[in-house]
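**Student:** This structure is in structure tokens; I'll ask about it shortly.
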Amino acid sequence: MTDLKSVAATGLKPPLPAPRTSLISPSVSSAKGLISEFFEWFGDLGIFFWRVVRAAVTPPFEFRELFRQLDEIGSKSLPLVALAGAATGVVLSLEARYSLTRFGAKSLLPAAIVFSVIHETGPIITGLVVSGRAGAGIGAELASMKVTEQIDAIEASAVNPYRLLAATRILACILMLPLLTLAADFCGLIMGWVTQALVEPVSLHQFISTGFNGADFNDFLPPTFKTAVFGLIIGLIACFQGMRTQGGAAGVGRAATSSVVLSSLFVILADVVLVKIIILFFP
Amino acid sequence: MDTIDQIATRRTEAEKDGSAPVIAVEDLHKAFASQKVLNGISLSVKRGETLAVLGRSGTGKSVLLRLVIGLEKPDSGSVRIHGQDIAGLALDKLGEIRKRMGFLFQHAALYDSLTVEQNVAFPLQHHRKTMSKAQRSDRVRELLAEVGMEGDLAKMPSDISGGMQKRVGLARALALEPDILLLDEPTAGLDPISAAEIDDLVLKLQQEHHMASIVVTHDLHSAKTIANRLALLNEGEVVLEGSFEELQNSDIEFVREFLRHS
């Protein structure tokens with residue numbers, strides 16, 4: 001009111017309010033943009049996946065490149081996965097011993113280690129380690145090929161890049177993840193036993209037979225094979241992020257980072273869903 | 001009723017005697033977001049003919065070449081290769097047409113994880129499955145000898161100069177004996193001697209293989225050396241198409257300005 005009075009007294013016109021270009025406020029507008037980007041990303045991912053599937057099931061098959069990727073993703077990830085599995089076994093053994101002793105259930109220690117490793121820690125640790133190592137590698141490699149026009153050169157040579165580059169890498173991830181999980185499980189169990197044996201002598205045979213007492217294939221196979229889904233997620237997201245990169249060295253860096261971040265995130269989310277499904281179908 | 005094979009045979013004969021164009025671009029439009037790059041381009045190239053596409057940087061010359069090989073899709077208009085419109089083709093069908101095309105990228109785009117020999121062998125490995133390893137190796141050596149790179153088989157792309165990379169890129173583009181050759185700035189970034197060597201090499205290959213070629217360049221001297229016909233692009237449109245003499249005698253202001261600064 002004071003302002004209006006002073007305006008009337010001086011005869012000056014009041015300042016005009018800022019023009020409203022949109023009925024939606026900027027924050028709502030940017031949120032809408034983010035949502036539309038999110039759905040656009042999923043749409044593009046779906047189209048990319050369809051192209052890869054179509055390329056993968058039609059000849060010619062790129063067996064040579066597939067074997068190269070099996071080595072690249074499988075054999076070369078093995079030391080890191082084994083180390084991560086072993087470290088998990090040690091930590092589980094130490095933590096479980098402390099907790100179970102407190103509650104007077106020390107005799108359950110081998111079973112606690114075995115079930116934790118094969119049900120959850122082995123698969124998820126493998127998924128996260130491979131998404132870090134192979135996901136970043138695939139994302140950066142394909143992004144670098146994209147910005148230097150090597151993927152265009154493959155296409156110009158009448159070779160389908162979805163078949164040669166994406167399908168082989170995704171398939172290698174799907175095939176290698178369960179095998180790497182077995183390695184992680186093995187190292188986790190061995191180191192779990194070693195850690196326990198250092199504190200309180202127990203033979204490996206006794207540790208295993210007590211640990212696996214009451215376990216069946218439903219405890220072992222579904223958690224191991226669920227990592228094939230992790231492999232699909234890692235391979236798909238890393239290839240997608242790599243092959244859609246734009247903008248030089250910065251783009252390559254962004255592709256590598258986003259490959260790791262997104263594939264790790266989706267591996268964790270998929271794990272939640274898969275654990276529920278496994279409990280439902282393999283009680 | 002003629003079969004597709006009969007039509008294709010008749011078409012190939014028409015292309016050979018020069019009555020049908022091998023590459024025909026009609027009313028091509030392409031924009032990236034709000035930026036119009038090509039605005040109604042129409043061009044055609046016959047067998048044994050080399051068309052040089054000239055113009056300032058950013059006028060859509062490279063985009064035109066990418067549209068011709070199907071790496072980009074046009075917004076409207078058509079690109080016909082051997083009479084076949086490539087716009088709506090699936091990747092594998094397009095691949096059949098691409099086997100008859102060679103593309104030299106501006107920065108050669110050699111596969112950096114493969115040696116020079118493996119780079120040139122790449123198209124042969126994928127499309128000449130009946131070739132034995134020894135035959136493939138002989139063919140690669142022959143191609144590299146043709147571009148003067150026979151002594152660098154085991155080198156990696158990062159170990160050779162830009163001019164050498166373009167030579168290897170050219171050998172790779174010729175591997176499947178294409179009848180269409182597309183060259184994107186073959187002499188860009190090279191010293192005058194290397195540029196002249198590349199020009200001579202392209203000219204020699206053209207004379208030997210009688211391909212239909214499009215050369216994108218901003219180097220007027222290079223265009224004059226290797227092309228029969230020139231097309232000058234400005235703001236996504238063909239300002240002038242004709243011989244080098246027609247370009248020199250043109251009254252169009254943009255053409256005169258382009259010549260003045262070349």
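Lettering and numbering for the structure tokens are positional, with chains as A, B, ... in the shown order, residues counted from 1 in each chain, and ligands counted from 1 in the shown order.
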Which residues are near segment 79-91 of chain B? Cut-off 9 Å, only C-alpha atoms, ignore same chain within fewer than 6 positions. Put them as a PyMOL selection string.
**Tutor:** (chain A and resi 155+158-160) or (chain B and resi 8+11-12+15+20-26+28+67-70+72-73+97)
**Student:** What would the file look like if the residues just selected were written as a PDB file, in the first residue's frame with C-alpha atoms?
**Tutor:**
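What landed in result19.pdb:
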```pdb
ATOM      1  CA  GLU A 155      28.636 -49.673 -39.779  1.00  0.00           C
ATOM      2  CA  ALA A 158      28.441 -53.226 -43.572  1.00  0.00           C
ATOM      3  CA  VAL A 159      28.955 -54.840 -40.171  1.00  0.00           C
ATOM      4  CA  ASN A 160      26.134 -54.511 -37.651  1.00  0.00           C
TER       5      ASN A 160
ATOM      6  CA  ALA B   8      18.982 -55.157 -61.039  1.00  0.00           C
ATOM      7  CA  ARG B  11      20.079 -51.262 -63.910  1.00  0.00           C
ATOM      8  CA  THR B  12      23.740 -52.331 -63.658  1.00  0.00           C
ATOM      9  CA  GLU B  15      24.876 -47.643 -64.872  1.00  0.00           C
ATOM     10  CA  ALA B  20      21.665 -44.199 -64.985  1.00  0.00           C
ATOM     11  CA  PRO B  21      23.263 -42.551 -61.965  1.00  0.00           C
ATOM     12  CA  VAL B  22      24.833 -44.806 -59.343  1.00  0.00           C
ATOM     13  CA  ILE B  23      24.134 -42.223 -56.608  1.00  0.00           C
ATOM     14  CA  ALA B  24      21.048 -40.022 -56.853  1.00  0.00           C
ATOM     15  CA  VAL B  25      20.195 -37.550 -54.103  1.00  0.00           C
ATOM     16  CA  GLU B  26      16.865 -35.761 -54.484  1.00  0.00           C
ATOM     17  CA  LEU B  28      17.373 -33.804 -49.375  1.00  0.00           C
ATOM     18  CA  LEU B  67      23.327 -39.449 -45.501  1.00  0.00           C
ATOM     19  CA  VAL B  68      24.557 -41.093 -48.697  1.00  0.00           C
ATOM     20  CA  ILE B  69      25.979 -44.066 -46.778  1.00  0.00           C
ATOM     21  CA  GLY B  70      22.993 -44.180 -44.420  1.00  0.00           C
ATOM     22  CA  GLU B  72      22.144 -40.441 -40.847  1.00  0.00           C
ATOM     23  CA  LYS B  73      18.491 -40.542 -41.893  1.00  0.00           C
ATOM     24  CA  ILE B  97      24.255 -51.947 -50.196  1.00  0.00           C
TER      25      ILE B  97
END
```
**Student:** Using only C-alpha atoms, which residues of chain A come within 6 Å of chain B, and what is the closest atom pair for each, with the distance in Å to one decimal? Give it as CSV, sorted by chain and residue number.
**Tutor:**
```
residue,atom,partner,partner_atom,distance
A:Glu149,CA,B:Ala109,CA,5.5
A:Gln150,CA,B:Ala109,CA,5.1
A:Ser157,CA,B:Pro123,CA,6.0
A:Ala158,CA,B:Gly95,CA,4.2
```
**Student:** Could you tell me how far atom CA of Gln246 of chain A sits from atom CA of Ile214 of chain B, in Å to one decimal place?
**Tutor:** 26.6 Å
**Student:** Can you list every residue in segment 2-251 of chain B that DSSP puts in strand (DSSP E), as a ChimeraX atom specification?
**Tutor:** /B:23-32,35-45,50-55,76-81,84-85,101-104,180-184,212-216,229-234,237-242
**Student:** So how many Å separate atom CA of Val273 of chain A and atom CA of Val229 of chain A, to one decimal?
**Tutor:**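 Spanning atom CA of Val273 of chain A to atom CA of Val229 of chain A is a straight-line distance of 11.1 Å.
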**Student:** Leaving out Lys224 of chain B and any residue of its chain fewer than 5 positions from it, which residues lie within 9 Å of it when counting only C-alpha atoms, given as a CSV table (one decimal) with N, CA and C atoms, in the first residue's frame?
**Tutor:**
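Once everything was written out, this is result-v7.csv:
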```csv
chain,number,residue,atom,x,y,z
B,52,ALA,N,33.1,-33.4,-56.6
B,52,ALA,CA,33.7,-32.8,-55.4
B,52,ALA,C,32.7,-31.9,-54.8
B,219,ASP,N,39.3,-27.9,-50.0
B,219,ASP,CA,40.5,-27.7,-50.6
B,219,ASP,C,40.3,-27.6,-52.1
B,229,ARG,N,33.6,-33.1,-61.6
B,229,ARG,CA,32.5,-32.1,-61.5
B,229,ARG,C,32.6,-31.6,-60.0
B,230,LEU,N,32.1,-30.3,-59.9
B,230,LEU,CA,32.1,-29.7,-58.5
B,230,LEU,C,30.7,-29.3,-58.2
B,244,PHE,N,35.1,-27.2,-63.2
B,244,PHE,CA,35.9,-26.2,-62.6
B,244,PHE,C,35.9,-24.8,-63.3
```
**Student:** For a quick check of understanding, using only C-alpha atoms, which of A:Met191, A:Val252, A:Thr88, A:Ile170 has the smallest distance to Phe49 of chain A?
**Tutor:**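 Of A:Met191, A:Val252, A:Thr88, A:Ile170, the one nearest Phe49 of chain A, counting only C-alpha atoms, is A:Ile170.
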**Student:** Set the distance at 12 Å and use only C-alpha atoms: which residues neighbour Trp50 of chain A once local chain neighbours fewer than 5 positions away are removed? I'd like the list as a ChimeraX atom specification.
**Tutor:** /A:43-45,55-57,162-163,166-167,236,240
**Student:** Go through B:Leu233, B:Leu259, B:Leu43, B:Leu240 one by one, measure the shortest atom-to-atom distance of each to His221 of chain B using only C-alpha atoms, and give the residue with the smallest value.
**Tutor:** B:Leu259
**Student:** Find the distance between atom CA of Gly148 of chain B and atom CA of Arg167 of chain B and write it in Å to one decimal.
**Tutor:**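 Atom CA of Arg167 of chain B lies 7.7 Å from atom CA of Gly148 of chain B.
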**Student:** Determine, counting only C-alpha atoms, which protein, DNA and RNA residues have an atom within 12 Å of an atom of Val202 of chain B; residues of the same chain fewer than 4 positions away are not included. Present the result as a PyMOL selection string.
**Tutor:** chain B and resi 50+104+146-147+166-167+169-171+173-174+181-183+186-187+195-198+206-211+213-215+222-223+225-227
**Student:** Quick one: residues within 7 Å of Val238 of chain B, only C-alpha atoms counted, chain neighbours fewer than 6 positions away excluded, as a short mmCIF file (atom, residue, chain, number, x, y, z; two decimals) with N, CA and C atoms, in the first residue's frame?
**Tutor:**
```cif
data_model
loop_
_atom_site.label_atom_id
_atom_site.label_comp_id
_atom_site.auth_asym_id
_atom_site.auth_seq_id
_atom_site.Cartn_x
_atom_site.Cartn_y
_atom_site.Cartn_z
N ILE B 41 18.84 -30.50 -51.16
CA ILE B 41 20.00 -30.80 -52.04
C ILE B 41 19.60 -31.88 -53.06
N ALA B 231 30.44 -29.32 -56.88
CA ALA B 231 29.19 -28.74 -56.37
C ALA B 231 29.56 -27.87 -55.19
N LEU B 232 29.17 -26.61 -55.25
CA LEU B 232 29.50 -25.69 -54.16
C LEU B 232 28.28 -25.50 -53.27
#
```
